[in-house]
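File shown: run-v2.tsv (TSV, C-alpha atoms).
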```tsv
chain	number	residue	atom	x	y	z
I	1	MET	CA	10.17	-120.94	12.14
I	2	LEU	CA	13.49	-119.22	12.78
I	3	VAL	CA	14.85	-120.25	9.39
I	4	THR	CA	11.62	-119.21	7.68
I	5	GLY	CA	11.41	-115.79	9.29
I	6	PHE	CA	15.03	-114.80	8.83
I	7	GLY	CA	15.43	-116.61	5.52
I	8	ILE	CA	12.62	-114.78	3.76
I	9	GLN	CA	14.03	-111.46	5.01
I	10	CYS	CA	17.42	-112.29	3.52
I	11	PHE	CA	16.00	-113.56	0.23
I	12	GLN	CA	14.02	-110.35	-0.13
I	13	GLN	CA	17.29	-108.44	-0.42
I	14	ILE	CA	19.83	-110.84	-1.93
I	15	THR	CA	17.75	-111.04	-5.10
I	16	GLY	CA	19.15	-107.56	-5.72
I	17	ILE	CA	16.10	-105.33	-5.57
I	18	ASP	CA	17.81	-102.41	-3.84
I	19	ALA	CA	20.79	-102.54	-6.18
I	20	THR	CA	18.38	-102.57	-9.13
I	21	VAL	CA	16.53	-99.51	-7.84
I	22	TYR	CA	19.56	-97.58	-6.55
I	23	TYR	CA	21.62	-98.12	-9.68
I	24	SER	CA	18.87	-98.09	-12.30
I	25	PRO	CA	20.44	-95.05	-14.07
I	26	GLU	CA	23.73	-96.96	-14.41
I	27	ILE	CA	21.85	-100.05	-15.62
I	28	PHE	CA	19.97	-98.06	-18.25
I	29	GLN	CA	23.16	-96.30	-19.28
I	30	GLN	CA	24.84	-99.67	-19.71
I	31	ALA	CA	21.87	-100.76	-21.83
I	32	GLY	CA	22.37	-97.79	-24.13
I	33	VAL	CA	19.97	-95.11	-22.86
I	34	GLU	CA	21.49	-91.72	-23.67
I	35	GLY	CA	20.80	-88.26	-22.31
I	36	ASN	CA	19.97	-87.20	-18.78
I	37	SER	CA	16.30	-86.63	-19.59
I	38	ASN	CA	15.90	-90.16	-20.97
I	39	LEU	CA	17.71	-91.66	-17.99
I	40	LEU	CA	15.52	-89.65	-15.64
I	41	ALA	CA	12.34	-90.75	-17.42
I	42	ALA	CA	13.33	-94.42	-17.25
I	43	THR	CA	14.26	-94.10	-13.58
I	44	VAL	CA	10.97	-92.37	-12.76
I	45	ALA	CA	9.15	-95.22	-14.51
I	46	VAL	CA	10.82	-97.64	-12.09
I	47	GLY	CA	9.67	-95.63	-9.08
I	48	VAL	CA	6.11	-95.30	-10.37
I	49	THR	CA	5.96	-99.03	-11.10
I	50	LYS	CA	7.08	-99.85	-7.57
I	51	THR	CA	4.48	-97.56	-5.99
I	52	VAL	CA	1.59	-98.79	-8.15
I	53	PHE	CA	2.23	-102.47	-7.53
I	54	ILE	CA	2.72	-102.04	-3.78
I	55	LEU	CA	-0.71	-100.42	-3.66
I	56	PHE	CA	-2.07	-103.27	-5.80
I	57	ALA	CA	-0.64	-105.82	-3.36
I	58	ILE	CA	-2.58	-104.23	-0.49
I	59	PHE	CA	-5.88	-105.16	-2.13
I	60	ILE	CA	-5.04	-108.73	-3.18
I	61	ILE	CA	-2.84	-110.11	-0.40
I	62	ASP	CA	-5.79	-111.40	1.64
I	63	LYS	CA	-7.72	-112.56	-1.43
I	64	LEU	CA	-5.03	-114.65	-3.10
I	65	GLY	CA	-2.97	-115.61	-0.06
I	66	ARG	CA	0.68	-115.23	0.84
I	67	LYS	CA	2.25	-118.21	-0.93
I	68	PRO	CA	0.59	-117.73	-4.35
I	69	LEU	CA	1.80	-114.14	-4.43
I	70	LEU	CA	5.25	-115.19	-3.25
I	71	TYR	CA	5.41	-117.78	-6.05
I	72	LEU	CA	4.23	-115.22	-8.60
I	73	SER	CA	6.73	-112.70	-7.29
I	74	THR	CA	9.85	-114.86	-7.17
I	75	ILE	CA	9.17	-116.69	-10.44
I	76	GLY	CA	8.48	-113.39	-12.19
I	77	MET	CA	11.62	-111.84	-10.71
I	78	THR	CA	13.68	-114.83	-11.85
I	79	ILE	CA	12.47	-114.39	-15.43
I	80	CYS	CA	12.95	-110.60	-15.43
I	81	LEU	CA	16.44	-110.76	-13.91
I	82	PHE	CA	17.49	-113.41	-16.40
I	83	SER	CA	16.09	-111.41	-19.32
I	84	LEU	CA	17.90	-108.31	-18.05
I	85	GLY	CA	21.15	-110.25	-18.01
I	86	LEU	CA	20.48	-111.45	-21.54
I	87	SER	CA	19.65	-107.98	-22.83
I	88	LEU	CA	22.82	-106.50	-21.33
I	89	SER	CA	25.07	-109.29	-22.57
I	90	LEU	CA	23.65	-110.20	-25.98
I	91	LEU	CA	21.46	-107.45	-27.37
I	92	GLY	CA	23.95	-104.62	-27.02
I	93	GLN	CA	22.81	-101.00	-27.03
I	94	GLY	CA	20.23	-101.10	-29.81
I	95	GLN	CA	16.59	-100.15	-29.47
I	96	VAL	CA	15.54	-103.73	-28.75
I	97	GLY	CA	18.13	-104.07	-26.00
I	98	ILE	CA	17.13	-100.76	-24.43
I	99	ALA	CA	13.44	-101.63	-24.49
I	100	MET	CA	14.05	-105.09	-23.06
I	101	SER	CA	16.27	-103.70	-20.29
I	102	ILE	CA	13.71	-101.09	-19.23
I	103	PHE	CA	10.90	-103.65	-19.39
I	104	SER	CA	12.95	-106.16	-17.37
I	105	VAL	CA	13.86	-103.68	-14.65
I	106	CYS	CA	10.29	-102.42	-14.33
I	107	GLY	CA	8.99	-106.00	-14.42
I	108	ASN	CA	11.40	-107.06	-11.70
I	109	VAL	CA	10.32	-104.15	-9.51
I	110	ALA	CA	6.65	-104.89	-10.19
I	111	PHE	CA	6.92	-108.57	-9.26
I	112	PHE	CA	8.92	-107.68	-6.15
I	113	SER	CA	6.39	-105.06	-5.05
I	114	VAL	CA	3.38	-107.30	-5.47
I	115	GLY	CA	4.89	-110.22	-3.60
I	116	ILE	CA	8.04	-110.75	-1.59
I	117	GLY	CA	8.54	-107.02	-0.98
I	118	PRO	CA	5.58	-106.44	1.34
I	119	ILE	CA	4.69	-110.05	2.14
I	120	CYS	CA	7.98	-110.93	3.82
I	121	TRP	CA	7.13	-108.40	6.55
I	122	VAL	CA	3.64	-109.85	6.93
I	123	VAL	CA	4.85	-113.45	7.16
I	124	THR	CA	7.63	-112.56	9.59
I	125	THR	CA	5.18	-111.04	12.05
I	126	GLU	CA	2.57	-113.77	11.64
I	127	ILE	CA	4.66	-116.90	12.18
I	128	PHE	CA	6.20	-115.97	15.53
I	129	PRO	CA	4.24	-116.26	18.81
I	130	LEU	CA	3.20	-113.09	20.58
I	131	ARG	CA	5.83	-113.35	23.31
I	132	LEU	CA	8.63	-113.28	20.72
I	133	ARG	CA	7.06	-111.43	17.82
I	134	ALA	CA	8.52	-107.97	18.43
I	135	GLN	CA	12.06	-109.20	19.08
I	136	ALA	CA	12.05	-111.71	16.22
I	137	ALA	CA	10.66	-109.15	13.77
I	138	ALA	CA	13.34	-106.68	14.85
I	139	LEU	CA	16.11	-109.24	14.35
I	140	GLY	CA	14.68	-110.11	10.95
I	141	ALA	CA	14.68	-106.43	10.00
I	142	VAL	CA	18.34	-106.16	11.02
I	143	ARG	CA	19.26	-109.07	8.76
I	144	ASN	CA	17.19	-107.55	5.97
I	145	ARG	CA	19.05	-104.24	6.13
I	146	VAL	CA	22.46	-105.91	6.47
I	147	CYS	CA	21.80	-107.94	3.31
I	148	SER	CA	20.56	-104.81	1.56
I	149	GLY	CA	23.70	-102.90	2.48
I	150	LEU	CA	26.03	-105.70	1.41
I	151	VAL	CA	24.33	-106.06	-1.97
I	152	ALA	CA	24.15	-102.33	-2.62
I	153	MET	CA	27.76	-101.66	-1.61
I	154	SER	CA	29.19	-104.54	-3.62
I	155	PHE	CA	27.07	-104.16	-6.77
I	156	LEU	CA	29.31	-101.78	-8.72
I	157	SER	CA	32.59	-103.47	-7.80
I	158	VAL	CA	31.26	-106.93	-8.63
I	159	SER	CA	29.79	-105.56	-11.88
I	160	CYS	CA	33.24	-104.29	-12.86
I	161	THR	CA	34.68	-107.74	-12.16
I	162	ILE	CA	32.19	-110.07	-13.83
I	163	SER	CA	30.11	-107.55	-15.85
I	164	MET	CA	26.72	-106.13	-14.98
I	165	ALA	CA	25.01	-108.88	-16.95
I	166	GLY	CA	26.82	-111.49	-14.87
I	167	VAL	CA	25.53	-109.92	-11.66
I	168	PHE	CA	21.95	-110.16	-12.87
I	169	PHE	CA	22.41	-113.78	-13.86
I	170	ILE	CA	23.51	-114.40	-10.26
I	171	PHE	CA	20.49	-112.51	-8.93
I	172	SER	CA	18.29	-114.62	-11.19
I	173	ALA	CA	19.77	-117.83	-9.77
I	174	VAL	CA	19.25	-116.57	-6.21
I	175	SER	CA	15.64	-115.71	-7.04
I	176	ALA	CA	15.14	-119.25	-8.35
I	177	LEU	CA	16.46	-120.55	-5.01
I	178	ALA	CA	13.93	-118.30	-3.29
I	179	VAL	CA	11.15	-120.17	-5.11
I	180	LEU	CA	12.39	-123.45	-3.61
I	181	PHE	CA	12.73	-121.85	-0.19
I	182	ILE	CA	9.13	-120.64	-0.29
I	183	TYR	CA	7.89	-124.03	-1.45
I	184	THR	CA	9.63	-125.95	1.32
I	185	LEU	CA	9.66	-123.64	4.33
I	186	VAL	CA	7.12	-120.82	4.11
I	187	PRO	CA	3.64	-121.67	5.48
I	188	GLU	CA	0.39	-120.23	4.15
I	189	THR	CA	-1.11	-117.93	6.79
I	190	LYS	CA	-4.06	-116.57	4.82
I	191	GLY	CA	-7.34	-116.71	6.73
I	192	LYS	CA	-5.73	-118.03	9.89
I	193	SER	CA	-5.95	-116.32	13.23
I	194	LEU	CA	-2.81	-115.70	15.24
I	195	GLU	CA	-3.88	-118.53	17.54
I	196	GLN	CA	-4.24	-120.96	14.62
I	197	ILE	CA	-0.81	-120.04	13.31
I	198	LYS	CA	0.59	-120.58	16.79
I	199	ASP	CA	-1.09	-124.00	16.98
I	200	GLN	CA	0.37	-124.85	13.58
I	201	HIS	CA	3.81	-124.54	15.11
I	202	GLU	CA	3.00	-126.32	18.36
I	203	GLY	CA	5.29	-129.26	18.97
I	204	SER	CA	8.29	-127.48	17.52
I	205	GLU	CA	9.75	-126.86	20.96
I	206	VAL	CA	13.36	-127.17	19.85
I	207	GLU	CA	12.95	-124.48	17.24
I	208	MET	CA	11.06	-122.25	19.64
I	209	GLY	CA	13.88	-122.69	22.11
I	210	ASP	CA	16.31	-121.57	19.43
I	211	VAL	CA	14.29	-118.42	18.84
I	212	GLU	CA	14.12	-117.61	22.55
I	213	HIS	CA	17.83	-118.25	22.97
I	214	LEU	CA	18.67	-115.96	20.05
I	215	VAL	CA	16.40	-113.20	21.34
I	216	GLN	CA	17.94	-113.42	24.81
I	217	LYS	CA	21.46	-113.20	23.36
I	218	GLN	CA	20.53	-110.03	21.51
```
Translate the structure described by the file into structure tokens.
Amino acid sequence: MLVTGFGIQCFQQITGIDATVYYSPEIFQQAGVEGNSNLLAATVAVGVTKTVFILFAIFIIDKLGRKPLLYLSTIGMTICLFSLGLSLSLLGQGQVGIAMSIFSVCGNVAFFSVGIGPICWVVTTEIFPLRLRAQAAALGAVRNRVCSGLVAMSFLSVSCTISMAGVFFIFSAVSALAVLFIYTLVPETKGKSLEQIKDQHEGSEVEMGDVEHLVQKQ
């Protein structure tokens, strides 16, 4: 439970979503987009995509379930991040490379927003028992923001060292690991009451003790 709650919070950020959004103008410039108006239009498209798919997720999260959307999200992000790395490294700054880069960034944001973006917060609050939920969710949020800050602050310097394409290949590999993490450790909580989810974790006294010990230390 502890590994699941904190792990999904970390994976949400170390797949590079904040770096992709924060530095989308630099990414598009690297891809060959020229002119401030074109860069602004491409960046606005990223923001609109994120908003639309977050709203879409609200309506389907309880219909499709948490894990199917998490699979869709992380697999889609893996493909988009890999294709972005390919477009930046192989296609150069031609029209095809520009189009593929914009499509990959928007696709990555869309898959994130419909899955692991909002669902990690839902799962984190659902899997912990009531007596620890607030503290555990807060600790998960701290880890989420720490990972976000580390990725965002290191993105440009790492890009200068191994190239921007190399960074996105790394993000793609991390996203692929997130798929395995979800498969092995994240439970499906759709349609289950808080009591049923609690019963699902009954018998895991050692892990519960770890959570309580960590909360008390904080």
Query raised in the report: So which one's closest to Leu70 in chain I, I:Gly107, I:Gly117, I:Gly16, I:Gly35? Using only C-alpha atoms, please.
Result: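 Looking at the shortest contact to Leu70 in chain I, the residue is I:Gly117.
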Query - Interatomic distance, CA of Leu84 in chain I to CA of Val33 in chain I (Å, one decimal) - result: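 Interatomic distance here is 14.2 Å.
Minimum atom-to-atom distance to Gly166 in chain I, evaluated using only C-alpha atoms, belongs to I:Leu86 out of I:Ile79, I:Leu86, I:Val122, I:Ala57.
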Query - Best match for closeness to Ser159 in chain I among I:Val52, I:Met100, I:Leu88, I:Cys120, counting all atoms listed in the file - result: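 Closest to Ser159 in chain I, using all atoms listed in the file: I:Leu88.
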Report task. Could you tell me which of I:Gln30, I:Asn108, I:Ser157, I:Ser163 comes closest to Ile75 in chain I if we count only C-alpha atoms? Result ->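 Of the candidates, the smallest distance to Ile75 in chain I is held by I:Asn108.
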Query raised in the report: What lies within 12 Å of Ile170 in chain I using only C-alpha atoms, ignoring chain neighbours under 2 positions off, as JSON, numbers by chain?
Result: {"I": [14, 15, 16, 78, 81, 82, 84, 85, 151, 155, 158, 159, 162, 163, 164, 165, 166, 167, 168, 172, 173, 174, 175, 176, 177]}
